[in-house]
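Visitor: Structure file final24.csv (CSV, C-alpha atoms) right here:
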```
chain,number,residue,atom,x,y,z
A,1,MET,CA,1.3,-5.2,-43.0
A,2,ARG,CA,0.1,-8.9,-42.8
A,3,ILE,CA,-3.6,-9.4,-42.0
A,4,LEU,CA,-5.3,-12.7,-41.3
A,5,ILE,CA,-9.1,-12.6,-42.0
A,6,ILE,CA,-10.9,-15.4,-40.1
A,7,GLU,CA,-14.3,-16.3,-41.6
A,8,PRO,CA,-16.3,-19.3,-40.3
A,9,TYR,CA,-19.1,-18.7,-42.8
A,10,PHE,CA,-17.3,-18.3,-46.1
A,11,THR,CA,-20.1,-17.8,-48.6
A,12,GLY,CA,-22.3,-15.1,-50.1
A,13,SER,CA,-21.6,-11.5,-48.9
A,14,HIS,CA,-19.1,-12.7,-46.3
A,15,GLN,CA,-17.0,-14.4,-48.9
A,16,SER,CA,-17.3,-11.4,-51.3
A,17,TRP,CA,-16.2,-9.0,-48.6
A,18,ALA,CA,-13.2,-11.1,-47.6
A,19,GLU,CA,-12.1,-11.7,-51.2
A,20,GLY,CA,-12.8,-8.1,-52.3
A,21,TYR,CA,-10.6,-6.7,-49.6
A,22,GLN,CA,-7.9,-9.2,-50.2
A,23,HIS,CA,-7.8,-8.4,-53.9
A,24,ASN,CA,-7.8,-4.6,-53.5
A,25,SER,CA,-5.7,-4.0,-50.4
A,26,GLN,CA,-2.1,-2.9,-50.4
A,27,HIS,CA,-1.5,-5.1,-47.4
A,28,GLU,CA,-0.7,-8.8,-47.5
A,29,ILE,CA,-4.0,-10.7,-46.6
A,30,GLU,CA,-4.6,-14.3,-46.0
A,31,VAL,CA,-8.1,-15.8,-45.4
A,32,LEU,CA,-8.7,-18.7,-42.9
A,33,SER,CA,-12.2,-20.0,-43.4
A,34,LEU,CA,-14.8,-22.7,-43.2
A,35,ALA,CA,-17.6,-23.5,-45.7
A,36,GLY,CA,-20.6,-21.3,-45.4
A,37,ARG,CA,-23.3,-23.7,-44.1
A,38,TYR,CA,-24.8,-24.6,-40.7
A,39,TRP,CA,-24.5,-21.1,-39.4
A,40,LYS,CA,-25.5,-21.9,-35.9
A,41,TRP,CA,-22.9,-24.7,-35.6
A,42,ARG,CA,-20.3,-22.3,-37.1
A,43,MET,CA,-21.0,-19.9,-34.3
A,44,HIS,CA,-20.7,-22.7,-31.7
A,45,GLY,CA,-18.0,-24.9,-33.0
A,46,GLY,CA,-16.2,-23.0,-35.8
A,47,ALA,CA,-13.7,-21.5,-33.4
A,48,ILE,CA,-12.4,-24.9,-32.4
A,49,THR,CA,-11.7,-26.0,-36.0
A,50,LEU,CA,-10.3,-22.6,-37.0
A,51,ALA,CA,-8.1,-22.5,-33.9
A,52,LYS,CA,-6.7,-25.9,-34.8
A,53,LYS,CA,-6.0,-24.7,-38.4
A,54,PHE,CA,-4.3,-21.5,-37.1
A,55,ASN,CA,-2.1,-23.4,-34.6
A,56,GLU,CA,-1.0,-25.8,-37.3
A,57,GLY,CA,-0.2,-23.1,-39.8
A,58,ALA,CA,2.9,-21.0,-40.3
A,59,TYR,CA,1.4,-17.7,-41.2
A,60,GLN,CA,2.2,-15.0,-38.7
A,61,PRO,CA,0.0,-12.0,-39.1
A,62,ASP,CA,0.4,-8.5,-37.7
A,63,LEU,CA,-3.4,-8.3,-37.2
A,64,ILE,CA,-6.2,-10.8,-37.0
A,65,LEU,CA,-9.5,-9.6,-38.4
A,66,ALA,CA,-12.3,-12.0,-37.5
A,67,THR,CA,-16.0,-11.7,-38.4
A,68,ASP,CA,-19.1,-11.8,-36.3
A,69,MET,CA,-19.7,-15.5,-37.0
A,70,LEU,CA,-16.7,-16.5,-34.9
A,71,ASP,CA,-16.8,-17.2,-31.2
A,72,LEU,CA,-13.7,-15.1,-30.7
A,73,THR,CA,-13.4,-15.9,-27.0
A,74,SER,CA,-13.1,-19.6,-27.7
A,75,PHE,CA,-10.7,-19.0,-30.6
A,76,LEU,CA,-8.4,-16.8,-28.4
A,77,SER,CA,-8.4,-19.3,-25.6
A,78,LEU,CA,-7.3,-22.1,-27.9
A,79,THR,CA,-4.6,-20.1,-29.7
A,80,ARG,CA,-3.2,-18.1,-26.8
A,81,ARG,CA,0.3,-19.4,-27.2
A,82,ARG,CA,0.4,-18.5,-30.9
A,83,ILE,CA,-1.5,-15.2,-30.6
A,84,ASN,CA,1.1,-13.8,-28.1
A,85,GLY,CA,0.2,-10.2,-28.3
A,86,ILE,CA,-1.1,-10.0,-31.9
A,87,PRO,CA,-3.9,-7.4,-32.0
A,88,VAL,CA,-7.4,-8.8,-32.8
A,89,ALA,CA,-10.2,-6.9,-34.5
A,90,ILE,CA,-13.8,-8.1,-35.2
A,91,TYR,CA,-15.9,-7.0,-38.2
A,92,PHE,CA,-19.7,-7.1,-37.7
A,93,HIS,CA,-21.6,-7.9,-41.0
A,94,GLU,CA,-24.6,-8.6,-38.8
A,95,ASN,CA,-25.3,-9.5,-35.2
A,96,GLN,CA,-27.7,-12.0,-33.6
A,97,LEU,CA,-28.6,-9.6,-30.8
A,98,THR,CA,-30.8,-7.3,-32.9
A,99,TYR,CA,-31.5,-9.7,-35.8
A,100,PRO,CA,-35.2,-10.5,-36.2
A,101,TRP,CA,-35.7,-14.2,-35.7
A,102,SER,CA,-38.6,-16.1,-37.4
A,103,GLU,CA,-41.2,-17.4,-35.0
A,104,LYS,CA,-40.8,-20.8,-36.8
A,105,ASP,CA,-37.1,-21.1,-35.8
A,106,ARG,CA,-36.6,-24.1,-33.6
A,107,ASP,CA,-34.2,-22.2,-31.3
A,108,ILE,CA,-36.9,-19.6,-30.5
A,109,GLN,CA,-39.3,-22.5,-29.6
A,110,ALA,CA,-36.6,-24.0,-27.4
A,111,GLY,CA,-35.7,-20.7,-25.7
A,112,ARG,CA,-32.1,-20.7,-27.0
A,113,ASP,CA,-32.3,-17.5,-29.0
A,114,ASN,CA,-30.2,-15.4,-26.5
A,115,HIS,CA,-27.1,-17.6,-26.9
A,116,TYR,CA,-26.0,-16.3,-30.3
A,117,GLY,CA,-26.3,-12.7,-29.2
A,118,PHE,CA,-24.2,-13.5,-26.2
A,119,ILE,CA,-21.4,-14.9,-28.5
A,120,ASN,CA,-21.5,-11.6,-30.4
A,121,TYR,CA,-21.3,-9.6,-27.1
A,122,VAL,CA,-18.4,-11.5,-25.6
A,123,SER,CA,-16.5,-11.5,-28.9
A,124,ALA,CA,-16.8,-7.7,-29.1
A,125,LEU,CA,-15.7,-7.5,-25.5
A,126,ALA,CA,-12.6,-9.7,-26.2
A,127,ALA,CA,-11.5,-7.9,-29.4
A,128,ASP,CA,-9.1,-5.0,-29.3
A,129,TYR,CA,-11.0,-3.2,-32.1
A,130,VAL,CA,-14.6,-3.6,-33.2
A,131,PHE,CA,-15.8,-2.5,-36.7
A,132,PHE,CA,-19.4,-2.2,-37.9
A,133,ASN,CA,-20.5,-2.1,-41.5
A,134,SER,CA,-22.8,0.9,-41.0
A,135,GLU,CA,-23.5,3.6,-38.4
A,136,TYR,CA,-27.0,2.2,-37.9
A,137,HIS,CA,-25.5,-1.2,-37.1
A,138,ARG,CA,-23.1,0.2,-34.5
A,139,ASP,CA,-25.8,2.3,-32.9
A,140,SER,CA,-28.4,-0.5,-32.8
A,141,PHE,CA,-25.9,-3.1,-31.4
A,142,LEU,CA,-24.6,-0.8,-28.6
A,143,GLY,CA,-28.1,0.5,-27.9
A,144,ALA,CA,-29.5,-3.0,-27.4
A,145,LEU,CA,-26.7,-4.3,-25.2
A,146,PRO,CA,-27.8,-2.7,-21.8
A,147,ASN,CA,-31.3,-4.3,-21.9
A,148,PHE,CA,-29.8,-7.5,-23.1
A,149,LEU,CA,-27.4,-7.7,-20.1
A,150,LYS,CA,-30.1,-6.6,-17.7
A,151,GLY,CA,-32.0,-9.7,-18.6
A,152,PHE,CA,-29.5,-11.9,-16.7
A,153,PRO,CA,-29.9,-12.4,-12.9
A,154,ASP,CA,-26.9,-10.6,-11.6
A,155,TYR,CA,-23.4,-9.3,-12.4
A,156,ASN,CA,-24.8,-7.6,-15.4
A,157,GLU,CA,-21.5,-5.8,-16.2
A,158,LEU,CA,-23.2,-2.8,-17.8
A,159,GLU,CA,-19.9,-0.9,-17.9
A,160,THR,CA,-18.6,-3.2,-20.6
A,161,VAL,CA,-20.9,-1.5,-23.1
A,162,GLU,CA,-18.9,1.7,-22.8
A,163,ARG,CA,-15.7,-0.3,-23.1
A,164,ILE,CA,-16.9,-1.9,-26.4
A,165,GLU,CA,-18.1,1.5,-27.6
A,166,LYS,CA,-14.7,3.1,-27.0
A,167,HIS,CA,-13.0,0.4,-29.2
A,168,SER,CA,-15.6,0.5,-32.0
A,169,GLN,CA,-16.0,2.5,-35.2
A,170,VAL,CA,-17.7,2.2,-38.6
A,171,LEU,CA,-16.1,0.7,-41.7
A,172,ASN,CA,-18.8,0.6,-44.4
A,173,LEU,CA,-19.1,-2.5,-46.4
A,174,GLY,CA,-16.8,-2.6,-49.5
A,175,LEU,CA,-18.4,-3.9,-52.7
A,176,ASP,CA,-17.0,-4.7,-56.1
A,177,LEU,CA,-19.3,-2.4,-58.0
A,178,GLY,CA,-17.2,-1.6,-61.0
A,179,VAL,CA,-17.7,-5.1,-62.4
A,180,PHE,CA,-21.3,-4.1,-63.3
A,181,ASP,CA,-20.1,-1.4,-65.7
A,182,ALA,CA,-19.5,-4.0,-68.4
A,183,PHE,CA,-23.2,-4.8,-68.5
A,184,ALA,CA,-24.4,-1.1,-68.7
A,185,GLY,CA,-26.7,-0.3,-71.6
A,186,VAL,CA,-28.8,-3.5,-71.5
A,187,ARG,CA,-32.1,-2.8,-73.2
A,188,LYS,CA,-34.9,-2.3,-70.7
A,189,PRO,CA,-38.5,-3.4,-71.4
A,190,SER,CA,-41.0,-0.6,-72.2
A,191,VAL,CA,-43.0,-1.3,-69.1
A,192,PRO,CA,-41.5,-0.4,-65.6
A,193,VAL,CA,-39.7,-3.4,-64.1
A,194,LEU,CA,-39.8,-4.0,-60.3
A,195,LEU,CA,-37.0,-6.0,-58.6
A,196,TRP,CA,-36.4,-8.3,-55.7
A,197,ASN,CA,-32.8,-9.4,-55.3
A,198,HIS,CA,-32.5,-10.4,-51.7
A,199,ARG,CA,-32.4,-13.7,-49.8
A,200,TRP,CA,-35.7,-15.5,-49.8
A,201,GLU,CA,-36.1,-15.3,-46.0
A,202,TYR,CA,-38.3,-14.0,-43.2
A,203,ASP,CA,-36.2,-11.0,-42.3
A,204,LYS,CA,-36.5,-9.5,-45.8
A,205,ASN,CA,-40.3,-9.4,-45.3
A,206,PRO,CA,-41.6,-10.8,-48.6
A,207,LYS,CA,-45.2,-10.6,-47.3
A,208,ASP,CA,-45.4,-6.8,-47.5
A,209,PHE,CA,-43.4,-6.7,-50.7
A,210,PHE,CA,-45.8,-9.0,-52.6
A,211,GLU,CA,-48.9,-7.5,-51.0
A,212,ALA,CA,-47.9,-4.1,-52.4
A,213,LEU,CA,-47.5,-5.7,-55.8
A,214,TYR,CA,-50.9,-7.4,-55.6
A,215,THR,CA,-52.4,-3.9,-54.9
A,216,LEU,CA,-50.7,-2.6,-58.0
A,217,GLN,CA,-52.1,-5.5,-59.9
A,218,GLY,CA,-55.6,-5.0,-58.6
A,219,ASP,CA,-55.4,-1.3,-59.6
A,220,ASN,CA,-54.4,-2.2,-63.1
A,221,ILE,CA,-50.9,-0.6,-62.8
A,222,ASP,CA,-48.8,-2.0,-65.6
A,223,PHE,CA,-45.4,-3.5,-64.5
A,224,LYS,CA,-43.1,-6.4,-64.9
A,225,LEU,CA,-41.2,-8.2,-62.2
A,226,ILE,CA,-37.8,-9.8,-61.6
A,227,VAL,CA,-37.4,-12.0,-58.5
A,228,MET,CA,-33.8,-13.1,-57.8
A,229,GLY,CA,-31.9,-14.1,-54.7
A,230,GLU,CA,-30.8,-17.2,-52.9
A,231,ASN,CA,-33.6,-19.4,-51.8
A,232,PHE,CA,-33.5,-22.1,-49.2
A,233,SER,CA,-35.4,-25.3,-48.4
A,234,GLN,CA,-37.5,-23.5,-45.8
A,235,GLN,CA,-38.3,-20.4,-47.9
A,236,PRO,CA,-41.4,-18.3,-46.9
A,237,ASP,CA,-44.6,-19.5,-48.5
A,238,GLU,CA,-45.1,-16.0,-50.1
A,239,PHE,CA,-42.8,-16.8,-52.9
A,240,GLU,CA,-44.7,-19.8,-54.3
A,241,GLU,CA,-48.0,-17.8,-54.0
A,242,ALA,CA,-46.4,-14.9,-55.9
A,243,ARG,CA,-45.1,-17.2,-58.6
A,244,VAL,CA,-48.7,-18.1,-59.3
A,245,ARG,CA,-50.5,-14.8,-58.8
A,246,LEU,CA,-48.0,-12.7,-60.6
A,247,ALA,CA,-47.2,-15.2,-63.4
A,248,ASP,CA,-48.1,-12.8,-66.2
A,249,LYS,CA,-45.7,-10.1,-64.7
A,250,LEU,CA,-42.6,-12.3,-64.3
A,251,LEU,CA,-39.6,-11.8,-66.4
A,252,HIS,CA,-37.4,-14.0,-64.1
A,253,PHE,CA,-38.1,-16.0,-61.0
A,254,GLY,CA,-35.4,-17.8,-59.1
A,255,TYR,CA,-31.7,-17.8,-58.4
A,256,ALA,CA,-29.4,-16.3,-61.0
A,257,GLU,CA,-26.9,-19.1,-61.8
A,258,SER,CA,-24.0,-16.8,-62.8
A,259,PHE,CA,-22.8,-13.3,-62.0
A,260,GLU,CA,-23.3,-12.3,-65.7
A,261,GLU,CA,-27.0,-13.4,-65.5
A,262,TYR,CA,-27.5,-11.5,-62.2
A,263,ALA,CA,-25.8,-8.3,-63.6
A,264,GLN,CA,-27.9,-8.4,-66.8
A,265,TRP,CA,-31.2,-8.7,-64.8
A,266,LEU,CA,-30.2,-5.8,-62.6
A,267,GLN,CA,-29.6,-3.6,-65.6
A,268,ARG,CA,-33.1,-4.4,-66.9
A,269,ALA,CA,-34.8,-3.4,-63.7
A,270,ASP,CA,-36.2,0.1,-63.0
A,271,ILE,CA,-37.4,0.2,-59.3
A,272,ILE,CA,-36.5,-1.8,-56.2
A,273,PRO,CA,-39.2,-1.5,-53.5
A,274,VAL,CA,-37.7,-2.7,-50.1
A,275,THR,CA,-39.8,-3.9,-47.1
A,276,SER,CA,-37.1,-5.7,-45.0
A,277,TYR,CA,-37.5,-6.0,-41.3
A,278,GLN,CA,-33.7,-5.9,-40.9
A,279,ASP,CA,-30.7,-4.8,-43.0
A,280,PHE,CA,-27.4,-3.9,-41.3
A,281,PHE,CA,-26.1,-2.4,-44.6
A,282,GLY,CA,-28.0,-3.5,-47.7
A,283,GLY,CA,-25.4,-4.7,-50.2
A,284,SER,CA,-27.9,-6.0,-52.8
A,285,ILE,CA,-29.7,-2.7,-52.8
A,286,VAL,CA,-26.5,-0.7,-53.3
A,287,GLN,CA,-25.7,-3.1,-56.2
A,288,ALA,CA,-29.1,-2.3,-57.8
A,289,MET,CA,-28.7,1.4,-57.3
A,290,TYR,CA,-25.3,1.3,-58.9
A,291,CYS,CA,-26.9,-0.3,-61.9
A,292,GLY,CA,-29.5,2.5,-62.2
A,293,VAL,CA,-32.4,0.9,-60.3
A,294,ILE,CA,-34.4,3.5,-58.3
A,295,PRO,CA,-34.9,2.5,-54.7
A,296,LEU,CA,-37.9,2.9,-52.5
A,297,LEU,CA,-36.7,2.2,-49.0
A,298,PRO,CA,-38.1,2.3,-45.4
A,299,ASN,CA,-36.9,5.4,-43.5
A,300,ARG,CA,-35.0,3.3,-41.0
A,301,LEU,CA,-32.2,0.7,-40.6
A,302,ALA,CA,-29.1,1.6,-42.7
A,303,TYR,CA,-31.1,2.8,-45.7
A,304,PRO,CA,-31.1,6.6,-45.3
A,305,GLN,CA,-27.3,6.8,-45.7
A,306,HIS,CA,-27.6,5.3,-49.2
A,307,ILE,CA,-29.9,8.1,-50.4
A,308,PRO,CA,-28.8,11.7,-51.2
A,309,ASN,CA,-30.5,14.1,-48.7
A,310,ASN,CA,-32.5,16.0,-51.3
A,311,LEU,CA,-34.1,12.7,-52.4
A,312,HIS,CA,-35.2,11.4,-49.0
A,313,ASP,CA,-38.8,12.6,-49.4
A,314,LYS,CA,-39.2,10.8,-52.7
A,315,LEU,CA,-37.3,7.6,-52.1
A,316,LEU,CA,-37.9,6.9,-48.4
A,317,TYR,CA,-41.3,5.9,-46.8
A,318,SER,CA,-42.2,5.9,-43.1
A,319,ASP,CA,-44.7,3.0,-43.0
A,320,ASN,CA,-46.8,0.7,-45.2
A,321,SER,CA,-49.5,3.4,-45.7
A,322,GLU,CA,-46.9,5.3,-47.8
A,323,LEU,CA,-45.5,2.3,-49.6
A,324,VAL,CA,-48.0,1.8,-52.4
A,325,PRO,CA,-48.7,5.6,-53.1
A,326,LYS,CA,-44.9,6.3,-53.3
A,327,LEU,CA,-44.4,3.2,-55.4
A,328,LYS,CA,-47.1,4.3,-57.9
A,329,ALA,CA,-45.5,7.8,-58.1
A,330,LEU,CA,-42.1,6.3,-58.9
A,331,ILE,CA,-43.6,4.0,-61.6
A,332,ALA,CA,-45.2,7.1,-63.2
A,333,GLU,CA,-42.0,9.2,-62.9
A,334,SER,CA,-39.2,6.6,-63.3
A,335,SER,CA,-38.4,7.4,-66.9
A,336,GLN,CA,-37.6,11.1,-65.9
A,337,MET,CA,-35.4,10.4,-62.9
A,338,ASP,CA,-31.7,11.0,-63.0
A,339,ARG,CA,-30.3,7.6,-62.1
A,340,ASP,CA,-26.7,8.7,-62.4
A,341,VAL,CA,-27.1,10.8,-59.2
A,342,LEU,CA,-27.9,7.6,-57.3
A,343,LYS,CA,-25.1,5.6,-59.0
A,344,ALA,CA,-22.6,8.3,-58.0
A,345,HIS,CA,-23.8,8.4,-54.4
A,346,VAL,CA,-23.2,4.7,-53.8
A,347,ALA,CA,-20.1,4.5,-55.9
A,348,GLY,CA,-18.1,5.4,-52.8
A,349,TYR,CA,-18.7,1.9,-51.5
A,350,ASP,CA,-16.6,0.4,-54.3
A,351,TRP,CA,-13.5,-1.4,-53.2
A,352,SER,CA,-11.4,1.0,-55.3
A,353,ARG,CA,-12.2,3.6,-52.6
A,354,MET,CA,-13.1,1.5,-49.5
A,355,ALA,CA,-9.8,-0.5,-49.6
A,356,VAL,CA,-7.8,2.6,-49.1
A,357,GLU,CA,-9.9,3.5,-46.1
A,358,TYR,CA,-9.6,0.0,-44.7
A,359,ASP,CA,-5.8,0.0,-45.2
A,360,GLN,CA,-5.4,3.3,-43.5
A,361,VAL,CA,-7.6,2.4,-40.5
A,362,LEU,CA,-6.0,-1.0,-40.0
A,363,ALA,CA,-2.5,0.3,-40.3
A,364,SER,CA,-3.1,3.4,-38.3
A,365,SER,CA,-0.7,4.2,-35.4
A,366,ARG,CA,-3.1,2.7,-32.8
A,367,LEU,CA,-2.5,-0.8,-34.4
A,368,PRO,CA,1.0,-2.3,-34.1
A,369,LYS,CA,2.6,-2.9,-37.5
```
Could you write out this structure as structure tokens?
Guide:
Amino acid sequence: MRILIIEPYFTGSHQSWAEGYQHNSQHEIEVLSLAGRYWKWRMHGGAITLAKKFNEGAYQPDLILATDMLDLTSFLSLTRRRINGIPVAIYFHENQLTYPWSEKDRDIQAGRDNHYGFINYVSALAADYVFFNSEYHRDSFLGALPNFLKGFPDYNELETVERIEKHSQVLNLGLDLGVFDAFAGVRKPSVPVLLWNHRWEYDKNPKDFFEALYTLQGDNIDFKLIVMGENFSQQPDEFEEARVRLADKLLHFGYAESFEEYAQWLQRADIIPVTSYQDFFGGSIVQAMYCGVIPLLPNRLAYPQHIPNNLHDKLLYSDNSELVPKLKALIAESSQMDRDVLKAHVAGYDWSRMAVEYDQVLASSRLPK
């Protein structure tokens, strides 16, 4: 089977996902992409450039698999002569309908925040098949659509929600986890090491993360800290404050310049407390867990599926009142915890297993071959 992945935002987790599936699939896969920058412009205009590239190319796929950053309706309208009955699927890494926007975003101030969610909606409506990277993501997107559509003055087309639901299913994110095995056994410091390995952005809620650490510091709890992740020109102020206030705790602060450096720092960490407002899957958390880092996660979003049921009470918290007490307990008990159980639980997301599932789903009898 020949599959064309269309990715307007080819960087970070989007790039890793496309290349990971391409390298592990039994199908023939080509990737049509644009550089991963200017995400809002990619959602508006990326379809025009990608449609032009597709029309000028010779590759004839059996299935087109676009991602949520593509305005699929514009792409289909501009390629209708070449598409000619090729089934089209869309894969949602995230969506702009339920994504928490920063109050500082200029589109919020200009009242344009609904437009990107609408692109996601009509793209899902136009696709033959809709895939989400987690059950939580599917439920939250479909659950938010009715109220979103009711916000428009008339012809709300609420029945389209059921239509999208009938064509949707979950395909968990595939990750290249096995590559971390080469770095196992890195010597850990004698003091418990806490970890941040997410983007330095508003939706990851660095404020509550660092406030919890300041509380530990004030209570004279001994710990060290690794802060990694991609940082941007408009990063939240909390990071610079933390760099100063937690200077004596820091083992690393900043972007890991290579995969090898990133993997080695993960292997040195002990606990990853997470405070994110939004996560449709949580790939960086799964990577850390695979490397033996103990998670402390909010009992919401996609996180519960990453934790064995018998460890929910210990590794999930309901609100901020539980965050610091449970974090203190994990710091005290971390050396006694069986980390292999957590690694085994998330190992199922490795491409060695997920590619088989993707291949079967995409080549199933309901998709033309």
Visitor: Given only C-alpha atoms as the basis, pick out the residue of A:Gln305, A:Asn220, A:Asn197, A:Ser335 nearest to Trp265 (chain A).
Guide: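 Looking only at the distances to Trp265 (chain A), the closest residue turns out to be A:Asn197.
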Visitor: Which residues, written as a PDB file with C-alpha atoms, keeping the file's coordinate frame, have at least one atom at most 12 Å from Phe118 (chain A), with only C-alpha atoms counted and residues fewer than 4 positions away on the same chain left out?
Guide:
```pdb
ATOM      1  CA  MET A  43     -21.000 -19.900 -34.300  1.00  0.00           C
ATOM      2  CA  HIS A  44     -20.700 -22.700 -31.700  1.00  0.00           C
ATOM      3  CA  ASP A  68     -19.100 -11.800 -36.300  1.00  0.00           C
ATOM      4  CA  MET A  69     -19.700 -15.500 -37.000  1.00  0.00           C
ATOM      5  CA  LEU A  70     -16.700 -16.500 -34.900  1.00  0.00           C
ATOM      6  CA  ASP A  71     -16.800 -17.200 -31.200  1.00  0.00           C
ATOM      7  CA  LEU A  72     -13.700 -15.100 -30.700  1.00  0.00           C
ATOM      8  CA  THR A  73     -13.400 -15.900 -27.000  1.00  0.00           C
ATOM      9  CA  ASN A  95     -25.300  -9.500 -35.200  1.00  0.00           C
ATOM     10  CA  GLN A  96     -27.700 -12.000 -33.600  1.00  0.00           C
ATOM     11  CA  LEU A  97     -28.600  -9.600 -30.800  1.00  0.00           C
ATOM     12  CA  THR A  98     -30.800  -7.300 -32.900  1.00  0.00           C
ATOM     13  CA  ARG A 112     -32.100 -20.700 -27.000  1.00  0.00           C
ATOM     14  CA  ASP A 113     -32.300 -17.500 -29.000  1.00  0.00           C
ATOM     15  CA  ASN A 114     -30.200 -15.400 -26.500  1.00  0.00           C
ATOM     16  CA  VAL A 122     -18.400 -11.500 -25.600  1.00  0.00           C
ATOM     17  CA  SER A 123     -16.500 -11.500 -28.900  1.00  0.00           C
ATOM     18  CA  ALA A 124     -16.800  -7.700 -29.100  1.00  0.00           C
ATOM     19  CA  LEU A 125     -15.700  -7.500 -25.500  1.00  0.00           C
ATOM     20  CA  PHE A 141     -25.900  -3.100 -31.400  1.00  0.00           C
ATOM     21  CA  ALA A 144     -29.500  -3.000 -27.400  1.00  0.00           C
ATOM     22  CA  LEU A 145     -26.700  -4.300 -25.200  1.00  0.00           C
ATOM     23  CA  PHE A 148     -29.800  -7.500 -23.100  1.00  0.00           C
ATOM     24  CA  LEU A 149     -27.400  -7.700 -20.100  1.00  0.00           C
ATOM     25  CA  GLY A 151     -32.000  -9.700 -18.600  1.00  0.00           C
ATOM     26  CA  PHE A 152     -29.500 -11.900 -16.700  1.00  0.00           C
TER      27      PHE A 152
END
```
Visitor: Distance cut-off 7 Å, centre (-25.8, 7.7, -49.8) in file coordinates, counting all atoms listed in the file: which residues qualify? Return them as a ChimeraX atom specification.
Guide: /A:305-308,345-346
Visitor: If you keep C-alpha atoms, can you produce a file of those selected residues as a short mmCIF file (atom, residue, chain, number, x, y, z; two decimals), in the coordinates of the input?
Guide:
```cif
data_model
loop_
_atom_site.label_atom_id
_atom_site.label_comp_id
_atom_site.auth_asym_id
_atom_site.auth_seq_id
_atom_site.Cartn_x
_atom_site.Cartn_y
_atom_site.Cartn_z
CA GLN A 305 -27.30 6.80 -45.70
CA HIS A 306 -27.60 5.30 -49.20
CA ILE A 307 -29.90 8.10 -50.40
CA PRO A 308 -28.80 11.70 -51.20
CA HIS A 345 -23.80 8.40 -54.40
CA VAL A 346 -23.20 4.70 -53.80
#
```
Visitor: Could you state the separation of CA of Phe210 (chain A) and CA of Glu94 (chain A) in Å, given to one decimal place?
Guide: 25.3 Å
Visitor: Can you work out the spacing between CA of Phe253 (chain A) and CA of Cys291 (chain A) in Å, to one decimal?
Guide: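 These atoms are spaced 19.3 Å apart.
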Visitor: Taking into account only C-alpha atoms, which residue in the set A:Leu327, A:Glu261, A:Pro206, A:Arg187 is nearest to Glu241 (chain A)?
Guide: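 Among A:Leu327, A:Glu261, A:Pro206, A:Arg187, it is A:Pro206 that comes nearest to Glu241 (chain A).
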Visitor: In Å, how far is it from CA of His23 (chain A) to CA of Glu257 (chain A)?
Guide: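 Interatomic distance here is 23.3 Å.
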Visitor: Determine, counting all atoms listed in the file, which protein, DNA and RNA residues have an atom within 10 Å of an atom of Met1 (chain A); residues of the same chain fewer than 6 positions away are not included. Present the result as a compact mmCIF listing (two decimals) with C-alpha atoms, in the frame of the given file.
Guide:
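Dumped to around_37.txt:
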```txt
# COMPACT_ATOMS: atom_id res chain seq x y z
CA GLN A 26 -2.10 -2.90 -50.40
CA HIS A 27 -1.50 -5.10 -47.40
CA GLU A 28 -0.70 -8.80 -47.50
CA ILE A 29 -4.00 -10.70 -46.60
CA PRO A 61 0.00 -12.00 -39.10
CA ASP A 62 0.40 -8.50 -37.70
CA LEU A 63 -3.40 -8.30 -37.20
CA ASP A 359 -5.80 0.00 -45.20
CA LEU A 362 -6.00 -1.00 -40.00
CA ALA A 363 -2.50 0.30 -40.30
CA PRO A 368 1.00 -2.30 -34.10
CA LYS A 369 2.60 -2.90 -37.50
```
Visitor: Which residue, A:Ile5, A:Leu177, A:Ile90, A:Ala47, has the smallest gap to Gln22 (chain A) when you use all atoms listed in the file?
Guide: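 Checking each of A:Ile5, A:Leu177, A:Ile90, A:Ala47 against Gln22 (chain A), counting all atoms listed in the file, the winner is A:Ile5.
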Visitor: Identify, on the basis of only C-alpha atoms, every residue whose closest approach to Asp270 (chain A) does not exceed 9 Å; exclude the query and any residue fewer than 2 positions from it along the same chain; express the result as a short mmCIF file (atom, residue, chain, number, x, y, z; two decimals) with C-alpha atoms, in the frame of the given file.
Guide:
```cif
data_model
loop_
_atom_site.label_atom_id
_atom_site.label_comp_id
_atom_site.auth_asym_id
_atom_site.auth_seq_id
_atom_site.Cartn_x
_atom_site.Cartn_y
_atom_site.Cartn_z
CA LYS A 188 -34.90 -2.30 -70.70
CA PRO A 192 -41.50 -0.40 -65.60
CA VAL A 193 -39.70 -3.40 -64.10
CA LEU A 194 -39.80 -4.00 -60.30
CA LEU A 195 -37.00 -6.00 -58.60
CA LEU A 266 -30.20 -5.80 -62.60
CA GLN A 267 -29.60 -3.60 -65.60
CA ARG A 268 -33.10 -4.40 -66.90
CA ILE A 272 -36.50 -1.80 -56.20
CA GLY A 292 -29.50 2.50 -62.20
CA VAL A 293 -32.40 0.90 -60.30
CA ILE A 294 -34.40 3.50 -58.30
CA PRO A 295 -34.90 2.50 -54.70
CA ILE A 331 -43.60 4.00 -61.60
CA SER A 334 -39.20 6.60 -63.30
CA SER A 335 -38.40 7.40 -66.90
#
```
Visitor: Which one of A:Leu323, A:Val227, A:Ala35, A:Ala329 sits closest to Pro8 (chain A) if you count all atoms listed in the file?
Guide: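 Selected residue with least distance to Pro8 (chain A): A:Ala35.
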Visitor: For each of A:Ile285, A:Ala355, A:Leu311, A:Ala126, take the minimum atom-to-atom distance to Thr160 (chain A), counting all atoms listed in the file, then give the residue where this is smallest.
Guide: A:Ala126
Visitor: From the set A:Arg138, A:Lys40, A:His93, A:Lys53, which residue has the shortest atom-to-atom contact distance to Tyr116 (chain A), counting only C-alpha atoms?
Guide: A:Lys40
